[in-house]
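Student: What follows is my_file_31.pdb, PDB, C-alpha atoms and all ligand atoms.
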```pdb
ATOM      1  CA  MET A   1     -17.329  -4.813  -4.575
ATOM      2  CA  ARG A   2     -18.400  -3.440  -1.258
ATOM      3  CA  VAL A   3     -16.454  -4.160   1.874
ATOM      4  CA  ALA A   4     -18.071  -3.968   5.243
ATOM      5  CA  LEU A   5     -15.223  -2.091   6.793
ATOM      6  CA  LEU A   6     -16.147  -0.916  10.082
ATOM      7  CA  VAL A   7     -13.132   1.223  10.684
ATOM      8  CA  LEU A   8     -14.150   3.945   8.293
ATOM      9  CA  ALA A   9     -17.208   4.266   6.167
ATOM     10  CA  GLY A  10     -16.576   3.234   2.574
ATOM     11  CA  CYS A  11     -16.642   6.660   1.038
ATOM     12  CA  GLY A  12     -14.481   5.526  -1.857
ATOM     13  CA  ARG A  13     -11.824   8.107  -1.240
ATOM     14  CA  LEU A  14      -9.120   8.809   1.232
ATOM     15  CA  ALA A  15     -10.038  11.471   3.686
ATOM     16  CA  PHE A  16      -6.562  12.907   3.820
ATOM     17  CA  ASP A  17      -3.917  14.447   1.642
ATOM     18  CA  PRO A  18      -0.888  12.113   1.626
ATOM     19  CA  SER A  19       1.307  14.975   0.461
ATOM     20  CA  VAL A  20       0.947  16.559   3.859
ATOM     21  CA  PRO A  21       3.020  14.827   6.514
ATOM     22  CA  SER A  22       0.933  13.595   9.345
ATOM     23  CA  ALA A  23       1.908  13.720  12.963
ATOM     24  CA  ASP A  24       4.051  10.798  13.902
ATOM     25  CA  ALA A  25       2.006   7.934  15.221
ATOM     26  CA  PRO A  26       3.572   5.596  17.802
ATOM     27  CA  ARG A  27       6.475   3.759  16.197
ATOM     28  CA  THR A  28       6.488   0.762  18.448
ATOM     29  CA  ALA A  29       5.387  -2.520  16.915
ATOM     30  CA  ASP A  30       1.632  -2.783  16.833
ATOM     31  CA  ALA A  31       0.696  -6.398  16.354
ATOM     32  CA  SER A  32      -2.792  -6.001  17.715
ATOM     33  CA  ALA A  33      -5.750  -6.668  15.505
ATOM     34  CA  ASP A  34      -8.614  -4.339  14.881
ATOM     35  CA  THR A  35     -11.677  -5.811  16.471
ATOM     36  CA  ASN A  36     -14.442  -3.922  14.781
ATOM     37  CA  ALA A  37     -15.211  -6.304  11.948
ATOM     38  CA  ALA A  38     -18.576  -7.987  11.795
ATOM     39  CA  PRO A  39     -18.323 -10.883  14.255
ATOM     40  CA  ASP A  40     -20.847 -13.021  12.402
ATOM     41  CA  ALA A  41     -19.080 -13.008   9.036
ATOM     42  CA  ALA A  42     -17.701 -16.381   7.997
ATOM     43  CA  PRO A  43     -13.893 -16.503   7.661
ATOM     44  CA  ILE A  44     -12.418 -16.546   4.164
ATOM     45  CA  CYS A  45     -10.691 -19.791   5.155
ATOM     46  CA  ALA A  46     -10.043 -21.834   8.269
ATOM     47  CA  SER A  47      -7.146 -20.323  10.213
ATOM     48  CA  PRO A  48      -4.248 -20.827   9.974
ATOM     49  CA  CYS A  49      -4.393 -20.193   6.249
ATOM     50  CA  THR A  50      -3.010 -17.568   3.915
ATOM     51  CA  VAL A  51      -4.619 -16.689   0.596
ATOM     52  CA  ALA A  52      -2.149 -13.988  -0.498
ATOM     53  CA  ASP A  53       1.437 -13.037   0.355
ATOM     54  CA  SER A  54       3.144 -10.142  -1.412
ATOM     55  CA  LEU A  55       6.591 -11.724  -1.057
ATOM     56  CA  ALA A  56       5.746 -15.320  -1.993
ATOM     57  CA  ASP A  57       3.368 -14.331  -4.802
ATOM     58  CA  TRP A  58       5.643 -11.705  -6.383
ATOM     59  CA  ASP A  59       5.920 -11.510 -10.146
ATOM     60  CA  GLY A  60       8.260  -8.825 -11.516
ATOM     61  CA  VAL A  61       7.206  -9.358 -15.130
ATOM     62  CA  ASN A  62       3.481 -10.093 -15.325
ATOM     63  CA  GLN A  63       0.558  -8.169 -13.869
ATOM     64  CA  ASP A  64      -2.296  -9.994 -12.111
ATOM     65  CA  THR A  65      -0.309 -13.037 -11.000
ATOM     66  CA  LYS A  66      -2.146 -14.590  -8.060
ATOM     67  CA  GLY A  67      -4.368 -11.517  -7.844
ATOM     68  CA  TRP A  68      -1.542  -8.967  -7.488
ATOM     69  CA  SER A  69      -1.283  -5.854  -9.610
ATOM     70  CA  TYR A  70       1.311  -3.124  -9.406
ATOM     71  CA  GLY A  71       0.455   0.497  -9.977
ATOM     72  CA  TYR A  72       0.827   4.026  -8.736
ATOM     73  CA  TRP A  73      -1.094   7.192  -7.971
ATOM     74  CA  TRP A  74       0.093  10.263  -9.848
ATOM     75  CA  ALA A  75      -0.763  12.585  -6.986
ATOM     76  CA  GLU A  76       0.898  15.564  -8.623
ATOM     77  CA  THR A  77      -1.650  15.721 -11.437
ATOM     78  CA  ASP A  78      -4.769  14.509  -9.642
ATOM     79  CA  PRO A  79      -7.212  17.436  -9.903
ATOM     80  CA  ASP A  80      -8.813  16.790  -6.530
ATOM     81  CA  GLY A  81      -5.615  15.646  -4.837
ATOM     82  CA  VAL A  82      -7.428  12.698  -3.306
ATOM     83  CA  TYR A  83      -6.715   9.054  -4.137
ATOM     84  CA  SER A  84      -9.717   7.193  -5.480
ATOM     85  CA  ALA A  85      -9.117   3.446  -5.660
ATOM     86  CA  ALA A  86     -11.660   3.133  -8.457
ATOM     87  CA  THR A  87     -10.109   5.682 -10.821
ATOM     88  CA  ASP A  88      -6.625   6.723  -9.647
ATOM     89  CA  PHE A  89      -4.807   3.359  -9.734
ATOM     90  CA  THR A  90      -2.601   3.406 -12.851
ATOM     91  CA  PRO A  91      -0.840   0.130 -13.734
ATOM     92  CA  MET A  92       2.936   0.264 -13.899
ATOM     93  CA  VAL A  93       5.218  -1.518 -16.383
ATOM     94  CA  SER A  94       7.994  -4.023 -15.748
ATOM     95  CA  VAL A  95      11.485  -2.600 -16.179
ATOM     96  CA  SER A  96      14.356  -4.967 -15.382
ATOM     97  CA  GLY A  97      12.311  -6.812 -12.791
ATOM     98  CA  LEU A  98      10.908  -3.718 -11.093
ATOM     99  CA  TRP A  99       7.540  -2.026 -11.607
ATOM    100  CA  ARG A 100       7.741   1.604 -12.714
ATOM    101  CA  PRO A 101       5.338   4.228 -14.131
ATOM    102  CA  PRO A 102       4.827   3.728 -17.889
ATOM    103  CA  ASP A 103       6.456   7.050 -18.782
ATOM    104  CA  PHE A 104       9.528   6.401 -16.628
ATOM    105  CA  ASP A 105      12.703   7.969 -18.032
ATOM    106  CA  PRO A 106      15.992   6.818 -16.448
ATOM    107  CA  ASN A 107      17.564  10.195 -17.242
ATOM    108  CA  THR A 108      17.632  11.857 -13.844
ATOM    109  CA  THR A 109      17.185  15.307 -15.368
ATOM    110  CA  SER A 110      14.000  14.282 -17.186
ATOM    111  CA  ALA A 111      10.582  15.427 -16.002
ATOM    112  CA  ASN A 112       9.568  11.778 -16.218
ATOM    113  CA  TYR A 113      12.327  10.528 -13.972
ATOM    114  CA  THR A 114      10.989   9.285 -10.672
ATOM    115  CA  TRP A 115      12.097   7.292  -7.686
ATOM    116  CA  CYS A 116       8.667   5.653  -7.664
ATOM    117  CA  TYR A 117       8.920   1.875  -8.097
ATOM    118  CA  LEU A 118       7.857  -1.430  -6.587
ATOM    119  CA  ALA A 119      10.090  -4.448  -5.909
ATOM    120  CA  GLN A 120       9.385  -7.798  -4.291
ATOM    121  CA  TRP A 121      10.698  -6.620  -0.937
ATOM    122  CA  GLY A 122       9.152  -3.164  -0.998
ATOM    123  CA  GLY A 123       9.832  -0.085  -3.028
ATOM    124  CA  HIS A 124      10.261   3.648  -3.097
ATOM    125  CA  PRO A 125       7.835   6.562  -3.402
ATOM    126  CA  GLY A 126       8.484   9.518  -5.693
ATOM    127  CA  PHE A 127       8.337  13.195  -4.772
ATOM    128  CA  ASN A 128      10.780  14.934  -7.087
ATOM    129  CA  PRO A 129      10.195  16.082  -9.758
ATOM    130  CA  GLN A 130       6.580  14.908  -9.302
ATOM    131  CA  ARG A 131       4.645  13.112  -6.595
ATOM    132  CA  LYS A 132       4.060   9.517  -7.690
ATOM    133  CA  TYR A 133       3.089   7.009  -5.009
ATOM    134  CA  PRO A 134       3.413   3.252  -5.595
ATOM    135  CA  VAL A 135       0.348   1.118  -4.889
ATOM    136  CA  ARG A 136       0.563  -2.657  -4.445
ATOM    137  CA  ARG A 137      -2.899  -4.105  -5.033
ATOM    138  CA  TRP A 138      -4.469  -7.482  -4.331
ATOM    139  CA  THR A 139      -7.884  -8.197  -5.784
ATOM    140  CA  SER A 140      -9.873 -10.685  -3.771
ATOM    141  CA  THR A 141     -11.341 -13.887  -5.163
ATOM    142  CA  VAL A 142     -12.705 -14.851  -1.761
ATOM    143  CA  ALA A 143     -15.424 -13.524   0.513
ATOM    144  CA  GLY A 144     -15.630 -13.344   4.252
ATOM    145  CA  LEU A 145     -13.768 -12.232   7.335
ATOM    146  CA  ALA A 146     -10.045 -11.734   6.660
ATOM    147  CA  ALA A 147      -6.956 -10.659   8.560
ATOM    148  CA  ILE A 148      -4.744  -8.284   6.596
ATOM    149  CA  ALA A 149      -1.233  -8.097   8.039
ATOM    150  CA  ILE A 150       0.828  -5.183   6.815
ATOM    151  CA  HIS A 151       4.466  -4.483   7.585
ATOM    152  CA  VAL A 152       6.572  -1.440   6.823
ATOM    153  CA  ASP A 153      10.129  -0.469   7.777
ATOM    154  CA  LYS A 154      12.945   1.587   6.318
ATOM    155  CA  SER A 155      15.305  -0.669   4.378
ATOM    156  CA  ASP A 156      17.496   2.414   4.069
ATOM    157  CA  PRO A 157      17.468   3.821   7.626
ATOM    158  CA  ASN A 158      19.936   6.605   6.908
ATOM    159  CA  GLY A 159      17.581   9.501   7.446
ATOM    160  CA  GLY A 160      15.270  11.636   5.382
ATOM    161  CA  ASP A 161      11.821  12.635   6.574
ATOM    162  CA  GLY A 162      10.504   9.078   6.441
ATOM    163  CA  VAL A 163       7.572   7.577   4.602
ATOM    164  CA  GLN A 164       3.916   6.879   5.225
ATOM    165  CA  ALA A 165       2.127   3.604   4.568
ATOM    166  CA  THR A 166      -1.612   3.472   3.953
ATOM    167  CA  LEU A 167      -3.868   0.402   3.734
ATOM    168  CA  ILE A 168      -6.978   1.030   1.661
ATOM    169  CA  VAL A 169      -9.691  -1.600   1.184
ATOM    170  CA  ASP A 170     -12.314  -0.888  -1.460
ATOM    171  CA  GLY A 171     -11.407   2.774  -1.316
ATOM    172  CA  ALA A 172     -11.663   3.174   2.449
ATOM    173  CA  THR A 173      -8.612   3.905   4.548
ATOM    174  CA  VAL A 174      -8.200   1.100   7.062
ATOM    175  CA  TRP A 175      -4.851   2.016   8.559
ATOM    176  CA  GLN A 176      -2.127   4.609   8.100
ATOM    177  CA  GLN A 177       1.305   4.845   9.660
ATOM    178  CA  ALA A 178       4.217   7.261   9.342
ATOM    179  CA  ILE A 179       7.686   5.720   9.634
ATOM    180  CA  ASP A 180      10.713   7.802  10.581
ATOM    181  CA  GLY A 181      13.666   7.945   8.208
ATOM    182  CA  THR A 182      15.861   5.964  10.595
ATOM    183  CA  ASP A 183      13.286   3.329  11.581
ATOM    184  CA  ALA A 184      14.713  -0.021  10.437
ATOM    185  CA  THR A 185      12.377  -1.927  12.782
ATOM    186  CA  GLY A 186       9.135  -0.487  11.542
ATOM    187  CA  VAL A 187       5.627  -1.603  12.353
ATOM    188  CA  THR A 188       3.472  -4.651  11.747
ATOM    189  CA  HIS A 189      -0.265  -4.192  12.033
ATOM    190  CA  THR A 190      -3.170  -6.547  11.469
ATOM    191  CA  ALA A 191      -6.541  -5.260  10.344
ATOM    192  CA  THR A 192      -9.618  -7.476  10.322
ATOM    193  CA  VAL A 193     -12.027  -6.721   7.500
ATOM    194  CA  VAL A 194     -14.790  -8.359   5.507
ATOM    195  CA  LEU A 195     -13.849  -8.992   1.883
ATOM    196  CA  HIS A 196     -16.025  -9.707  -1.123
ATOM    197  CA  ALA A 197     -15.075 -11.233  -4.457
ATOM    198  CA  GLY A 198     -13.502  -8.341  -6.348
ATOM    199  CA  SER A 199     -12.550  -6.307  -3.282
ATOM    200  CA  THR A 200      -9.397  -4.263  -3.775
ATOM    201  CA  VAL A 201      -6.718  -4.200  -1.090
ATOM    202  CA  ASP A 202      -4.294  -1.333  -1.771
ATOM    203  CA  TYR A 203      -0.983  -0.758  -0.001
ATOM    204  CA  MET A 204       0.186   2.773  -0.808
ATOM    205  CA  LEU A 205       3.517   4.288   0.114
ATOM    206  CA  ASP A 206       3.945   8.048   0.126
ATOM    207  CA  PRO A 207       7.174   9.990   0.674
ATOM    208  CA  ARG A 208       5.805  12.567   3.109
ATOM    209  CA  ALA A 209       7.453  15.868   2.086
ATOM    210  CA  ASP A 210      10.569  14.520   0.355
ATOM    211  CA  ASP A 211      11.742  11.300  -1.270
ATOM    212  CA  ALA A 212      15.404  11.298  -0.227
ATOM    213  CA  VAL A 213      16.515   8.031   1.419
ATOM    214  CA  ASP A 214      12.998   6.593   1.173
ATOM    215  CA  THR A 215      13.817   2.988   0.235
ATOM    216  CA  THR A 216      11.279   0.967   2.218
ATOM    217  CA  ASP A 217      10.446  -2.661   3.009
ATOM    218  CA  GLU A 218       6.797  -3.562   2.757
ATOM    219  CA  GLN A 219       4.854  -6.815   3.000
ATOM    220  CA  LEU A 220       1.181  -7.633   2.893
ATOM    221  CA  THR A 221      -0.494 -10.927   3.700
ATOM    222  CA  ILE A 222      -4.176 -11.836   3.682
ATOM    223  CA  SER A 223      -5.148 -14.726   5.923
ATOM    224  CA  GLY A 224      -8.031 -16.296   7.722
ATOM    225  CA  PRO A 225      -8.769 -14.432  10.956
TER     226      PRO A 225
HETATM  227 CA    CA B 301      10.470  10.878   2.643
END
```
Kindly transcribe the structure held in the file into structure tokens.
Ligand SMILES: [Ca+2]

Tutor:
Amino acid sequence: MRVALLVLAGCGRLAFDPSVPSADAPRTADASADTNAAPDAAPICASPCTVADSLADWDGVNQDTKGWSYGYWWAETDPDGVYSAATDFTPMVSVSGLWRPPDFDPNTTSANYTWCYLAQWGGHPGFNPQRKYPVRRWTSTVAGLAAIAIHVDKSDPNGGDGVQATLIVDGATVWQQAIDGTDATGVTHTATVVLHAGSTVDYMLDPRADDAVDTTDEQLTISGP
């Protein structure tokens, strides 16, 4: 279950509070790959090859199809306010082809109403009335050096305070990027990591300080380096 991530030590928890907006990172496309993975690890497959693709592998009805599971972090009620991949990933349920928290109530005045959901193309984080952050997870069946390509952009670029995407592998934050509310171009980033059978690759979306106009495109692919 351990990943030899060399970007951050695998402490099992995020070393940040996603409810607090971070300073804007550069918004220009970043297609460069991290280069701090172990150079002697064997690739998961001979490049070019792709073992997982969040768009192509999507299943809006069944969990665990092709290694994908759909969940969320209920940040509002987490006693320590820190996402732990091992204990804070709560599976969502399928509602009309979207994944939503199990207690979702479509009544907008309900305490259990939330904008938090996942779709094939992306999703939406929740802030009001409670902070619920969608997490798209892939669980690895392969071991070795892998290239994780992550993309995020605003599918609704009409404002708001933007969103923040976080890539977490086996509990360690690999990459994090804030996206402005009007950024329809977004960012693509590739991280090179070493996976093990059972490694968890989590793509979390948080709303920063508000969830208005936060509809967001997101895609994750795992390939040979
Ligand atoms: Ca927002």

Student: Could you spell out the hits of the PyMOL selection byres (((not hetatm)) within 12 of (chain B and resi 301)) on the shown file, as a PyMOL selection string?

Tutor: chain A and resi 18-22+115-116+124-128+131+133+154+156-165+178-182+205-216

Student: Evaluate the PyMOL selection byres (((chain A and resi 44-49) around 9) and not hetatm) on the structure here and hand back the selected residues as a VMD selection string.

Tutor: chain A and resid 41 to 43 50 to 51 142 to 146 194 to 195 222 to 225

Student: Just give me the gap between atom CA of A:Val169 and atom CA of A:Thr221 in Å, one decimal is fine.

Tutor: 13.3 Å

Student: Listing only residues of stretch 167-224 of chain A within 12 Å of stretch 86-109 of chain A, what is the closest atom pair and its distance in Å (to one decimal) for each, using all atoms listed in the file, sorted by chain and residue number ascending, as JSON lines?

Tutor:
```
{"residue": "A:Ile168", "atom": "CA", "partner": "A:Ala86", "partner_atom": "CA", "distance": 11.3}
{"residue": "A:Val169", "atom": "CA", "partner": "A:Ala86", "partner_atom": "CA", "distance": 10.9}
{"residue": "A:Asp170", "atom": "CA", "partner": "A:Ala86", "partner_atom": "CA", "distance": 8.1}
{"residue": "A:Gly171", "atom": "CA", "partner": "A:Ala86", "partner_atom": "CA", "distance": 7.2}
{"residue": "A:Ala172", "atom": "CA", "partner": "A:Ala86", "partner_atom": "CA", "distance": 10.9}
{"residue": "A:Gly198", "atom": "CA", "partner": "A:Ala86", "partner_atom": "CA", "distance": 11.8}
{"residue": "A:Ser199", "atom": "CA", "partner": "A:Ala86", "partner_atom": "CA", "distance": 10.8}
{"residue": "A:Thr200", "atom": "CA", "partner": "A:Ala86", "partner_atom": "CA", "distance": 9.0}
{"residue": "A:Val201", "atom": "CA", "partner": "A:Ala86", "partner_atom": "CA", "distance": 11.5}
{"residue": "A:Asp202", "atom": "CA", "partner": "A:Phe89", "partner_atom": "CA", "distance": 9.3}
{"residue": "A:Tyr203", "atom": "CA", "partner": "A:Phe89", "partner_atom": "CA", "distance": 11.2}
{"residue": "A:Met204", "atom": "CA", "partner": "A:Phe89", "partner_atom": "CA", "distance": 10.2}
```

Student: Any idea what the distance is between atom CA of A:Ile148 and atom CA of A:Gly71?

Tutor: 19.5 Å

Student: What do you get, as a PyMOL selection string, if you spell out every residue that the PyMOL selection byres (((chain A and resi 119) around 10) and not hetatm) selects here?

Tutor: chain A and resi 55+58-60+70+97-100+117-118+120-124+136+216-218

Student: Go through A:His151, A:Thr65, A:Val135, A:Ala184 and flag the residue nearest A:Ser84, using only C-alpha atoms for the distances.

Tutor: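 Going through A:His151, A:Thr65, A:Val135, A:Ala184 one by one, the smallest distance to A:Ser84 is for A:Val135.
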
Student: Calculate how many Å separate atom CA of A:Ala85 from atom CA of A:Trp68, rounding to one decimal.

Tutor: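 So the two atoms, atom CA of A:Ala85 and atom CA of A:Trp68, lie 14.7 Å apart.
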
Student: Determine the nearest neighbour of A:Ile150 from the options A:Tyr83, A:Tyr72, A:Trp175, A:Trp138, counting only C-alpha atoms.

Tutor: A:Trp175

Student: I need the residue nearest A:Gln130 from this list: A:Asp53, A:Asp183, A:Glu76, A:Asp153. Use all atoms listed in the file for the distance.

Tutor: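 Smallest separation from A:Gln130 among the options: A:Glu76.
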